[in-house]
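Here is the structure we will look at, set down as structure tokens.
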Amino acid sequence: MDGSLFVLLLLSGLFWSSSALSHPYYYINAAMSWPDAQSYCRERFTDLATVDSMDDVNRLINIVDAGYSGSVWIGLKRGTQKQWSWSNGENTSSQYYNWASGQSNANGDCASIYSGVWHNIPCNYLKYFVCYKNGVYILVQTAKIWTDAQSYCRQYYTDLATIHNSEENYQVTMKALAGYYIWFGLFLDSWEWSDQWDQRFRHWAAGQPLMTSGGCVGMSRSNSGRWSQYSCDVQQPFICYGDDKRKQIVRLKVTCKGKCALNDPSLQTAILNEISEKLKNMNLESDSKISWRKGEDGEVFNKERNHMENLDNKCNRHLF
């Protein structure tokens with residue numbers, strides 16, 4: 001088959017989504033409110049974007065148009081209940097806790113450790129903190145508010161410390177300084193993902209979230225992908241995730257010399273097989289399926305006619 005067919009195929013703008021990544025993301029450059037963006041994503045993909053890690057944050061930054069420096073909607077919104085959550089997004093259900101008496105309901109949304117037991121205190125207090133990386137805990141003796149401590153741990157290590165059992169609690173206690181309250185990775189969270197995903201990774205901007213601000217979350221492309229609250233009625237672009245539910249249609253023109261036999265089923269199958277093989281060689285095919293689309297007359301190919309003259313042996317091909 002003539003190699004120019006593949007040039008036509010690529011130039012016609014065929015859209016392929018890859019399933020190699022856990023969350024295929026799609027930037028939608030159309031300003032909508034958060035509810036309208038949610039409906040758009042659910043109709044055409046899976047939902048507004050969920051974010052599980054800094055790797056996901058960086059992927060989101062990279063797919064937003066380079067010339068755009070504003071905010072884009074993601075799938076986070078204010079929930080109705082608060083829940084203790086780990087900074088790295090781990091699920092805290094059936095989790096080990098070691099609260100001091102009455103402390104889990106005290107006045108504060110961030111957790112600290114003091115003499116081996118946990119206390120929740122306001123997140124804007126300046127405290128030393130414990131990070132972790134590769135199973136090792138690291139005490140940082142620079143006083144920061146909880147969110148700044150989180151950012152520091154993510155930049156230089158993995159995240160603020162998680163504690164899963166009494167042994168790990170003992171290890172963090174040994175890293176802490178006697179007589180000091182030390183931040184670790186537990187915080188009280190009242191936000192939820194649009195798709196009800198239960199991981200609770202958060203990447204708030206400084207001073208966020210605010211209890212009196214809006215109920216929907218946008219990501220800033222120009223501030224390291226950090227998140228802020230907005231009124232849900234604000235119109236801005238957004239990011240969806242999931243498999244693209246739309247059928248992608250490519251229209252091609254093929255010029256034939258001599259008699260066209262492009263409606264021969266065996267020839268159509270041979271053409272599809274060759275296209276599929278070419279896409280595999282270019283790492284573009286993934287799990288996508290391609291097939292011919294028939295017109296109202298039941299044929300895949302039809303001769304194109306000009307108002308002034310008939311064009312000999314020129315065919316339109318429709319692929320989806």
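Letters A, B, ... go to the chains of the structure tokens in the order shown; residues in each chain start at 1; ligands are counted from 1 in the same order.
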Show me, as JSON lines, the residues of region 81-120 of chain A having an atom within 12 Å of region 54-60 of chain A, each with the closest atom pair and its distance in Å, using only C-alpha atoms.
```
{"residue": "A:Ser87", "atom": "CA", "partner": "A:Met54", "partner_atom": "CA", "distance": 11.5}
{"residue": "A:Asn88", "atom": "CA", "partner": "A:Met54", "partner_atom": "CA", "distance": 9.5}
{"residue": "A:Gly89", "atom": "CA", "partner": "A:Met54", "partner_atom": "CA", "distance": 10.8}
```
Restricted to N, CA, C and O atoms, what would the selected residues look like written as a JSON list (two decimals), in the first residue's frame?
```json
[["chain", "number", "residue", "atom", "x", "y", "z"],
["A", 87, "SER", "N", -0.90, 12.79, 54.68],
["A", 87, "SER", "CA", -0.42, 13.72, 53.68],
["A", 87, "SER", "C", -0.09, 13.06, 52.35],
["A", 87, "SER", "O", -0.30, 13.63, 51.29],
["A", 88, "ASN", "N", 0.41, 11.82, 52.38],
["A", 88, "ASN", "CA", 0.79, 11.14, 51.14],
["A", 88, "ASN", "C", -0.40, 10.50, 50.43],
["A", 88, "ASN", "O", -0.23, 9.84, 49.40],
["A", 89, "GLY", "N", -1.62, 10.67, 50.97],
["A", 89, "GLY", "CA", -2.81, 10.18, 50.30],
["A", 89, "GLY", "C", -3.27, 8.80, 50.72],
["A", 89, "GLY", "O", -4.30, 8.33, 50.24]]
```
Query raised in the report: Could you name the residues that touch region 230-239 of chain A at 10 Å or less, counting only C-alpha atoms, but leaving out those on the same chain fewer than 2 positions away, as a PyMOL selection string?
Result: chain A and resi 25-38+40-41+47-50+60+63-64+68+70-75+77+209+213-219+227-228+241
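Omitting Ala161 (chain A) and its sequence neighbours fewer than 5 positions away, and counting only C-alpha atoms, the residues within 7 Å are Val130, Cys131, Tyr132, Tyr137, Phe184 and Gly185 of chain A.
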Output N, CA and C atoms for every residue in the selection just made, as an mmCIF file, in the first residue's frame.
```cif
data_model
loop_
_atom_site.group_PDB
_atom_site.id
_atom_site.type_symbol
_atom_site.label_atom_id
_atom_site.label_comp_id
_atom_site.auth_asym_id
_atom_site.auth_seq_id
_atom_site.Cartn_x
_atom_site.Cartn_y
_atom_site.Cartn_z
ATOM 1 N N VAL A 130 8.887 15.850 61.029
ATOM 2 C CA VAL A 130 9.548 14.610 60.624
ATOM 3 C C VAL A 130 9.082 14.231 59.215
ATOM 4 N N CYS A 131 10.055 14.055 58.315
ATOM 5 C CA CYS A 131 9.788 13.575 56.957
ATOM 6 C C CYS A 131 10.149 12.092 56.874
ATOM 7 N N TYR A 132 9.858 11.484 55.727
ATOM 8 C CA TYR A 132 10.310 10.116 55.506
ATOM 9 C C TYR A 132 10.745 9.933 54.062
ATOM 10 N N TYR A 137 12.986 7.809 58.716
ATOM 11 C CA TYR A 137 12.434 9.065 59.221
ATOM 12 C C TYR A 137 13.556 10.082 59.415
ATOM 13 N N PHE A 184 3.844 15.688 62.078
ATOM 14 C CA PHE A 184 3.967 14.540 61.177
ATOM 15 C C PHE A 184 2.812 14.611 60.171
ATOM 16 N N GLY A 185 2.529 13.535 59.425
ATOM 17 C CA GLY A 185 1.716 13.658 58.209
ATOM 18 C C GLY A 185 0.220 13.563 58.333
#
```
Report task. Enumerate, as a PyMOL selection string, the complete set of residues in region 25-190 of chain A that a backbone-based DSSP assignment places in alpha helix (DSSP H). Result -> chain A and resi 34-44+54-63+146-156+166-175
Which of region 59-158 of chain A fall in strand (DSSP E), as a CSV table (one decimal) with all heavy atoms, in the first residue's frame:
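So the final result, stored in result_26.csv, reads:
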```
chain,number,residue,atom,x,y,z
A,71,SER,N,-5.8,29.4,36.4
A,71,SER,CA,-6.2,28.2,37.2
A,71,SER,C,-7.1,27.4,36.3
A,71,SER,O,-7.8,27.9,35.4
A,71,SER,CB,-6.9,28.6,38.4
A,71,SER,OG,-7.3,27.5,39.2
A,72,VAL,N,-7.1,26.1,36.6
A,72,VAL,CA,-7.9,25.1,35.9
A,72,VAL,C,-8.6,24.2,36.9
A,72,VAL,O,-8.1,23.9,38.0
A,72,VAL,CB,-7.1,24.2,34.9
A,72,VAL,CG1,-6.5,25.0,33.8
A,72,VAL,CG2,-6.1,23.4,35.6
A,73,TRP,N,-9.9,23.9,36.7
A,73,TRP,CA,-10.6,23.1,37.6
A,73,TRP,C,-10.0,21.7,37.6
A,73,TRP,O,-9.7,21.1,36.6
A,73,TRP,CB,-12.1,22.9,37.2
A,73,TRP,CG,-13.0,24.1,37.3
A,73,TRP,CD1,-13.7,24.7,36.3
A,73,TRP,CD2,-13.2,24.9,38.5
A,73,TRP,NE1,-14.4,25.8,36.8
A,73,TRP,CE2,-14.1,25.9,38.2
A,73,TRP,CE3,-12.7,24.8,39.8
A,73,TRP,CZ2,-14.6,26.8,39.1
A,73,TRP,CZ3,-13.1,25.8,40.7
A,73,TRP,CH2,-14.0,26.8,40.4
A,74,ILE,N,-10.0,21.1,38.8
A,74,ILE,CA,-9.8,19.7,39.0
A,74,ILE,C,-11.0,19.1,39.8
A,74,ILE,O,-11.9,19.8,40.1
A,74,ILE,CB,-8.5,19.4,39.8
A,74,ILE,CG1,-8.5,20.0,41.2
A,74,ILE,CG2,-7.3,19.8,38.9
A,74,ILE,CD1,-7.2,19.6,42.0
A,75,GLY,N,-11.0,17.8,40.1
A,75,GLY,CA,-12.2,17.2,40.6
A,75,GLY,C,-12.4,17.3,42.1
A,75,GLY,O,-13.3,16.6,42.6
A,76,LEU,N,-11.7,18.2,42.8
A,76,LEU,CA,-11.9,18.3,44.3
A,76,LEU,C,-12.9,19.3,44.6
A,76,LEU,O,-13.0,20.4,44.1
A,76,LEU,CB,-10.6,18.7,44.9
A,76,LEU,CG,-10.4,18.4,46.4
A,76,LEU,CD1,-10.5,16.9,46.6
A,76,LEU,CD2,-9.1,18.9,46.9
A,77,LYS,N,-13.8,19.0,45.6
A,77,LYS,CA,-14.8,19.9,46.1
A,77,LYS,C,-15.0,19.7,47.6
A,77,LYS,O,-14.5,18.7,48.2
A,77,LYS,CB,-16.2,19.6,45.4
A,77,LYS,CG,-16.7,18.2,45.7
A,77,LYS,CD,-18.0,18.0,45.0
A,77,LYS,CE,-18.6,16.5,45.3
A,77,LYS,NZ,-19.9,16.3,44.8
A,78,ARG,N,-15.6,20.7,48.2
A,78,ARG,CA,-15.8,20.6,49.7
A,78,ARG,C,-16.8,19.5,50.0
A,78,ARG,O,-17.9,19.4,49.4
A,78,ARG,CB,-16.3,21.9,50.2
A,78,ARG,CG,-16.4,22.0,51.7
A,78,ARG,CD,-17.1,23.2,52.2
A,78,ARG,NE,-16.4,24.5,51.8
A,78,ARG,CZ,-15.3,25.0,52.4
A,78,ARG,NH1,-14.8,24.4,53.5
A,78,ARG,NH2,-14.8,26.1,52.0
A,79,GLY,N,-16.5,18.7,51.0
A,79,GLY,CA,-17.4,17.6,51.4
A,79,GLY,C,-18.2,18.0,52.6
A,79,GLY,O,-18.2,19.2,53.0
A,80,THR,N,-18.9,17.1,53.2
A,80,THR,CA,-19.8,17.4,54.3
A,80,THR,C,-19.2,16.9,55.6
A,80,THR,O,-19.8,17.2,56.7
A,80,THR,CB,-21.2,16.7,54.0
A,80,THR,OG1,-21.0,15.3,53.9
A,80,THR,CG2,-21.8,17.3,52.8
A,81,GLN,N,-18.2,16.1,55.6
A,81,GLN,CA,-17.6,15.5,56.8
A,81,GLN,C,-16.1,15.6,56.8
A,81,GLN,O,-15.5,15.5,55.8
A,81,GLN,CB,-18.0,14.0,57.0
A,81,GLN,CG,-19.5,13.8,57.2
A,81,GLN,CD,-19.8,12.4,57.4
A,81,GLN,OE1,-19.1,11.5,57.0
A,81,GLN,NE2,-21.0,12.1,58.0
A,82,LYS,N,-15.6,15.9,58.0
A,82,LYS,CA,-14.1,15.9,58.2
A,82,LYS,C,-13.6,14.5,58.5
A,82,LYS,O,-14.3,13.7,59.1
A,82,LYS,CB,-13.7,16.9,59.3
A,82,LYS,CG,-13.9,18.3,58.9
A,82,LYS,CD,-13.3,19.2,60.0
A,82,LYS,CE,-13.3,20.7,59.5
A,82,LYS,NZ,-12.6,21.6,60.5
A,83,GLN,N,-12.4,14.2,58.0
A,83,GLN,CA,-11.8,12.9,58.3
A,83,GLN,C,-10.3,13.1,58.4
A,83,GLN,O,-9.6,13.8,57.6
A,83,GLN,CB,-12.1,12.0,57.1
A,83,GLN,CG,-11.5,10.6,57.2
A,83,GLN,CD,-11.9,9.7,56.0
A,83,GLN,OE1,-13.0,9.9,55.4
A,83,GLN,NE2,-11.0,8.9,55.6
A,84,TRP,N,-9.7,12.3,59.3
A,84,TRP,CA,-8.2,12.3,59.5
A,84,TRP,C,-7.6,11.6,58.3
A,84,TRP,O,-8.0,10.5,57.9
A,84,TRP,CB,-7.8,11.7,60.8
A,84,TRP,CG,-8.1,12.6,62.0
A,84,TRP,CD1,-9.1,12.5,62.9
A,84,TRP,CD2,-7.3,13.8,62.3
A,84,TRP,NE1,-9.0,13.6,63.8
A,84,TRP,CE2,-7.9,14.4,63.5
A,84,TRP,CE3,-6.2,14.4,61.8
A,84,TRP,CZ2,-7.5,15.5,64.1
A,84,TRP,CZ3,-5.7,15.6,62.4
A,84,TRP,CH2,-6.3,16.1,63.5
A,85,SER,N,-6.6,12.2,57.7
A,85,SER,CA,-6.0,11.7,56.4
A,85,SER,C,-4.5,11.9,56.5
A,85,SER,O,-4.0,12.8,57.1
A,85,SER,CB,-6.6,12.5,55.2
A,85,SER,OG,-8.0,12.5,55.2
A,86,TRP,N,-3.8,11.0,55.7
A,86,TRP,CA,-2.4,11.1,55.6
A,86,TRP,C,-2.0,12.0,54.5
A,86,TRP,O,-2.6,12.0,53.4
A,86,TRP,CB,-1.8,9.8,55.4
A,86,TRP,CG,-1.8,8.9,56.6
A,86,TRP,CD1,-2.5,7.7,56.8
A,86,TRP,CD2,-1.1,9.1,57.9
A,86,TRP,NE1,-2.3,7.2,58.0
A,86,TRP,CE2,-1.5,8.0,58.7
A,86,TRP,CE3,-0.3,10.1,58.3
A,86,TRP,CZ2,-1.0,7.9,60.0
A,86,TRP,CZ3,0.3,10.0,59.6
A,86,TRP,CH2,-0.1,8.9,60.4
A,110,CYS,N,-4.3,19.8,62.3
A,110,CYS,CA,-3.0,19.1,62.0
A,110,CYS,C,-2.5,18.4,63.2
A,110,CYS,O,-2.6,18.9,64.4
A,110,CYS,CB,-2.0,20.1,61.5
A,110,CYS,SG,-2.5,20.9,59.9
A,111,ALA,N,-1.8,17.3,63.0
A,111,ALA,CA,-1.4,16.4,64.1
A,111,ALA,C,0.1,16.6,64.4
A,111,ALA,O,0.9,16.7,63.5
A,111,ALA,CB,-1.7,14.9,63.8
A,112,SER,N,0.4,16.6,65.7
A,112,SER,CA,1.8,16.6,66.1
A,112,SER,C,2.0,15.5,67.1
A,112,SER,O,1.0,14.9,67.7
A,112,SER,CB,2.1,18.0,66.8
A,112,SER,OG,1.3,18.2,67.9
A,113,ILE,N,3.3,15.1,67.4
A,113,ILE,CA,3.6,14.1,68.3
A,113,ILE,C,4.4,14.7,69.5
A,113,ILE,O,5.3,15.5,69.2
A,113,ILE,CB,4.3,12.9,67.6
A,113,ILE,CG1,4.4,11.7,68.6
A,113,ILE,CG2,5.7,13.4,67.1
A,113,ILE,CD1,4.9,10.5,67.9
A,114,TYR,N,4.0,14.3,70.7
A,114,TYR,CA,4.7,14.9,71.9
A,114,TYR,C,4.8,13.7,72.9
A,114,TYR,O,3.8,13.2,73.3
A,114,TYR,CB,3.9,16.0,72.5
A,114,TYR,CG,4.5,16.7,73.7
A,114,TYR,CD1,5.4,17.7,73.6
A,114,TYR,CD2,4.1,16.2,75.0
A,114,TYR,CE1,5.9,18.3,74.8
A,114,TYR,CE2,4.6,16.8,76.1
A,114,TYR,CZ,5.6,17.8,76.0
A,114,TYR,OH,6.1,18.4,77.1
A,117,VAL,N,2.7,10.5,72.1
A,117,VAL,CA,1.3,10.5,71.8
A,117,VAL,C,1.0,11.7,70.9
A,117,VAL,O,1.7,12.7,70.8
A,117,VAL,CB,0.5,10.6,73.2
A,117,VAL,CG1,0.6,9.3,74.0
A,117,VAL,CG2,0.9,11.8,74.0
A,118,TRP,N,-0.2,11.6,70.3
A,118,TRP,CA,-0.6,12.6,69.3
A,118,TRP,C,-1.5,13.6,69.8
A,118,TRP,O,-2.4,13.4,70.6
A,118,TRP,CB,-1.3,11.8,68.1
A,118,TRP,CG,-0.5,10.7,67.5
A,118,TRP,CD1,0.7,10.3,67.8
A,118,TRP,CD2,-1.0,9.8,66.5
A,118,TRP,NE1,1.1,9.2,67.1
A,118,TRP,CE2,0.1,8.9,66.2
A,118,TRP,CE3,-2.2,9.7,65.8
A,118,TRP,CZ2,0.0,7.9,65.3
A,118,TRP,CZ3,-2.3,8.7,64.8
A,118,TRP,CH2,-1.2,7.8,64.6
A,119,HIS,N,-1.3,14.9,69.3
A,119,HIS,CA,-2.1,16.0,69.6
A,119,HIS,C,-2.5,16.7,68.4
A,119,HIS,O,-1.6,16.9,67.5
A,119,HIS,CB,-1.3,17.0,70.6
A,119,HIS,CG,-0.9,16.4,71.8
A,119,HIS,ND1,-1.5,16.6,73.0
A,119,HIS,CD2,0.2,15.5,72.1
A,119,HIS,CE1,-0.9,15.9,74.0
A,119,HIS,NE2,0.1,15.2,73.4
A,120,ASN,N,-3.7,17.2,68.2
A,120,ASN,CA,-4.1,18.0,67.1
A,120,ASN,C,-4.1,19.5,67.5
A,120,ASN,O,-4.7,19.8,68.5
A,120,ASN,CB,-5.4,17.6,66.4
A,120,ASN,CG,-6.6,17.7,67.3
A,120,ASN,OD1,-6.5,17.3,68.5
A,120,ASN,ND2,-7.7,18.1,66.8
A,121,ILE,N,-3.4,20.3,66.8
A,121,ILE,CA,-3.2,21.7,67.1
A,121,ILE,C,-3.4,22.5,65.8
A,121,ILE,O,-3.4,22.0,64.7
A,121,ILE,CB,-1.8,22.0,67.7
A,121,ILE,CG1,-0.7,21.5,66.8
A,121,ILE,CG2,-1.7,21.3,69.1
A,121,ILE,CD1,0.7,21.8,67.3
A,127,LYS,N,6.5,24.6,64.0
A,127,LYS,CA,7.0,23.4,64.7
A,127,LYS,C,8.1,22.8,63.8
A,127,LYS,O,8.1,22.9,62.6
A,127,LYS,CB,5.8,22.4,64.9
A,127,LYS,CG,4.7,22.9,65.7
A,127,LYS,CD,5.1,23.2,67.1
A,127,LYS,CE,3.9,23.8,67.9
A,127,LYS,NZ,4.3,24.2,69.3
A,128,TYR,N,9.0,22.1,64.5
A,128,TYR,CA,9.8,21.1,63.8
A,128,TYR,C,9.0,20.0,63.2
A,128,TYR,O,7.8,19.8,63.6
A,128,TYR,CB,10.9,20.6,64.7
A,128,TYR,CG,11.9,21.6,65.3
A,128,TYR,CD1,12.6,21.2,66.4
A,128,TYR,CD2,12.0,22.8,64.7
A,128,TYR,CE1,13.6,22.1,67.0
A,128,TYR,CE2,12.9,23.7,65.3
A,128,TYR,CZ,13.7,23.4,66.4
A,128,TYR,OH,14.6,24.3,66.9
A,129,PHE,N,9.5,19.2,62.4
A,129,PHE,CA,8.7,18.2,61.7
A,129,PHE,C,9.6,17.0,61.3
A,129,PHE,O,10.8,17.1,61.2
A,129,PHE,CB,8.0,18.7,60.5
A,129,PHE,CG,8.9,19.5,59.5
A,129,PHE,CD1,9.3,18.8,58.4
A,129,PHE,CD2,9.2,20.8,59.7
A,129,PHE,CE1,10.1,19.5,57.4
A,129,PHE,CE2,10.0,21.5,58.8
A,129,PHE,CZ,10.4,20.8,57.7
A,130,VAL,N,8.9,15.8,61.0
A,130,VAL,CA,9.5,14.6,60.6
A,130,VAL,C,9.1,14.2,59.2
A,130,VAL,O,7.9,14.1,59.0
A,130,VAL,CB,9.2,13.5,61.6
A,130,VAL,CG1,9.9,12.2,61.1
A,130,VAL,CG2,9.8,13.8,63.0
A,131,CYS,N,10.1,14.1,58.3
A,131,CYS,CA,9.8,13.6,57.0
A,131,CYS,C,10.1,12.1,56.9
A,131,CYS,O,10.7,11.5,57.8
A,131,CYS,CB,10.6,14.3,55.9
A,131,CYS,SG,10.5,16.1,56.0
A,132,TYR,N,9.9,11.5,55.7
A,132,TYR,CA,10.3,10.1,55.5
A,132,TYR,C,10.7,9.9,54.1
A,132,TYR,O,10.3,10.7,53.2
A,132,TYR,CB,9.2,9.1,55.8
A,132,TYR,CG,8.2,8.9,54.8
A,132,TYR,CD1,8.3,7.9,53.8
A,132,TYR,CD2,7.0,9.7,54.8
A,132,TYR,CE1,7.3,7.8,52.8
A,132,TYR,CE2,6.1,9.6,53.8
A,132,TYR,CZ,6.2,8.6,52.8
A,132,TYR,OH,5.2,8.4,51.8
A,133,LYS,N,11.6,9.0,53.9
A,133,LYS,CA,12.0,8.5,52.5
A,133,LYS,C,12.6,7.1,52.6
A,133,LYS,O,13.5,6.9,53.5
A,133,LYS,CB,13.1,9.5,51.9
A,133,LYS,CG,13.4,9.2,50.5
A,133,LYS,CD,14.4,10.2,49.9
A,133,LYS,CE,14.7,9.9,48.4
A,133,LYS,NZ,15.5,10.9,47.8
A,136,VAL,N,12.9,5.5,56.0
A,136,VAL,CA,13.7,6.2,57.0
A,136,VAL,C,13.1,7.5,57.4
A,136,VAL,O,12.6,8.3,56.6
A,136,VAL,CB,15.1,6.5,56.5
A,136,VAL,CG1,16.0,7.2,57.5
A,136,VAL,CG2,15.8,5.1,56.1
A,137,TYR,N,13.0,7.8,58.7
A,137,TYR,CA,12.4,9.1,59.2
A,137,TYR,C,13.6,10.1,59.4
A,137,TYR,O,14.7,9.7,59.9
A,137,TYR,CB,11.7,8.8,60.6
A,137,TYR,CG,10.5,8.0,60.4
A,137,TYR,CD1,10.4,6.7,61.1
A,137,TYR,CD2,9.4,8.4,59.7
A,137,TYR,CE1,9.3,5.9,61.0
A,137,TYR,CE2,8.3,7.6,59.6
A,137,TYR,CZ,8.2,6.4,60.2
A,137,TYR,OH,7.1,5.6,60.1
A,138,ILE,N,13.3,11.3,59.1
A,138,ILE,CA,14.2,12.4,59.2
A,138,ILE,C,13.6,13.6,59.9
A,138,ILE,O,12.6,14.1,59.5
A,138,ILE,CB,14.7,12.9,57.7
A,138,ILE,CG1,15.2,11.7,56.9
A,138,ILE,CG2,15.7,14.0,57.9
A,138,ILE,CD1,14.2,11.1,56.0
A,139,LEU,N,14.3,14.0,61.0
A,139,LEU,CA,13.8,15.2,61.7
A,139,LEU,C,14.4,16.4,61.1
A,139,LEU,O,15.6,16.5,60.9
A,139,LEU,CB,14.3,15.1,63.2
A,139,LEU,CG,14.0,16.3,64.1
A,139,LEU,CD1,12.5,16.5,64.2
A,139,LEU,CD2,14.7,16.2,65.4
A,140,VAL,N,13.6,17.4,60.8
A,140,VAL,CA,14.0,18.7,60.3
A,140,VAL,C,13.8,19.7,61.4
A,140,VAL,O,12.7,20.0,61.8
A,140,VAL,CB,13.2,19.1,59.0
A,140,VAL,CG1,13.7,20.5,58.5
A,140,VAL,CG2,13.4,18.0,58.0
A,141,GLN,N,14.9,20.3,61.8
A,141,GLN,CA,14.9,21.2,63.0
A,141,GLN,C,14.8,22.7,62.4
A,141,GLN,O,15.7,23.5,62.8
A,141,GLN,CB,16.1,21.0,63.9
A,141,GLN,CG,16.1,19.7,64.5
A,141,GLN,CD,17.3,19.5,65.5
A,141,GLN,OE1,17.4,20.3,66.4
A,141,GLN,NE2,18.1,18.5,65.3
A,142,THR,N,13.9,22.9,61.6
A,142,THR,CA,13.5,24.3,61.1
A,142,THR,C,12.0,24.4,61.4
A,142,THR,O,11.2,23.7,60.8
A,142,THR,CB,13.9,24.5,59.6
A,142,THR,OG1,15.2,24.2,59.4
A,142,THR,CG2,13.5,25.9,59.2
A,143,ALA,N,11.6,25.4,62.2
A,143,ALA,CA,10.2,25.5,62.5
A,143,ALA,C,9.4,26.1,61.3
A,143,ALA,O,9.7,27.1,60.7
A,143,ALA,CB,10.1,26.5,63.7
A,144,LYS,N,8.3,25.3,60.9
A,144,LYS,CA,7.5,25.7,59.8
A,144,LYS,C,6.0,25.4,60.2
A,144,LYS,O,5.8,24.6,61.1
A,144,LYS,CB,7.8,25.0,58.6
A,144,LYS,CG,9.2,25.3,58.0
A,144,LYS,CD,9.5,24.5,56.7
A,144,LYS,CE,10.9,24.7,56.2
A,144,LYS,NZ,11.0,26.1,55.6
```
Query raised in the report: For the atom pair CA of Trp183 (chain A) and CA of Ile145 (chain A), what is the interatomic distance in Å to one decimal place?
Result: 8.7 Å
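Contact shell of Tyr97 (chain A) at 8 Å (only C-alpha atoms; same-chain neighbours under 2 positions omitted): Gln95, Trp99 and Asn165 of chain A.
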Keeping only all heavy atoms, take the residues you just selected and write them out as a CSV table (one decimal), in the first residue's frame.
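Listed below is the output, again13.csv:
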```
chain,number,residue,atom,x,y,z
A,95,GLN,N,-7.0,2.3,60.6
A,95,GLN,CA,-5.6,2.7,60.8
A,95,GLN,C,-5.2,2.8,62.3
A,95,GLN,O,-6.1,3.0,63.1
A,95,GLN,CB,-5.5,4.1,60.2
A,95,GLN,CG,-4.1,4.8,60.3
A,95,GLN,CD,-3.0,4.0,59.6
A,95,GLN,OE1,-3.2,3.6,58.5
A,95,GLN,NE2,-1.9,3.8,60.3
A,99,TRP,N,-3.8,8.8,69.9
A,99,TRP,CA,-4.1,10.1,70.4
A,99,TRP,C,-4.0,10.2,71.9
A,99,TRP,O,-4.3,9.2,72.6
A,99,TRP,CB,-5.6,10.4,70.1
A,99,TRP,CG,-5.8,10.6,68.6
A,99,TRP,CD1,-6.5,9.8,67.8
A,99,TRP,CD2,-5.4,11.7,67.8
A,99,TRP,NE1,-6.6,10.3,66.5
A,99,TRP,CE2,-5.9,11.5,66.5
A,99,TRP,CE3,-4.7,12.9,68.0
A,99,TRP,CZ2,-5.7,12.3,65.4
A,99,TRP,CZ3,-4.5,13.7,67.0
A,99,TRP,CH2,-4.9,13.5,65.7
A,165,ASN,N,1.9,1.8,62.9
A,165,ASN,CA,1.9,0.9,64.0
A,165,ASN,C,2.7,1.4,65.2
A,165,ASN,O,3.3,2.5,65.1
A,165,ASN,CB,2.4,-0.5,63.6
A,165,ASN,CG,3.7,-0.4,62.9
A,165,ASN,OD1,4.7,0.2,63.4
A,165,ASN,ND2,3.8,-1.0,61.7
```
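Among A:Ser53, A:His203, A:Tyr180, A:Ser166, the residue with the shortest atom-to-atom distance to Leu126 (chain A), counting only C-alpha atoms, is A:Tyr180.
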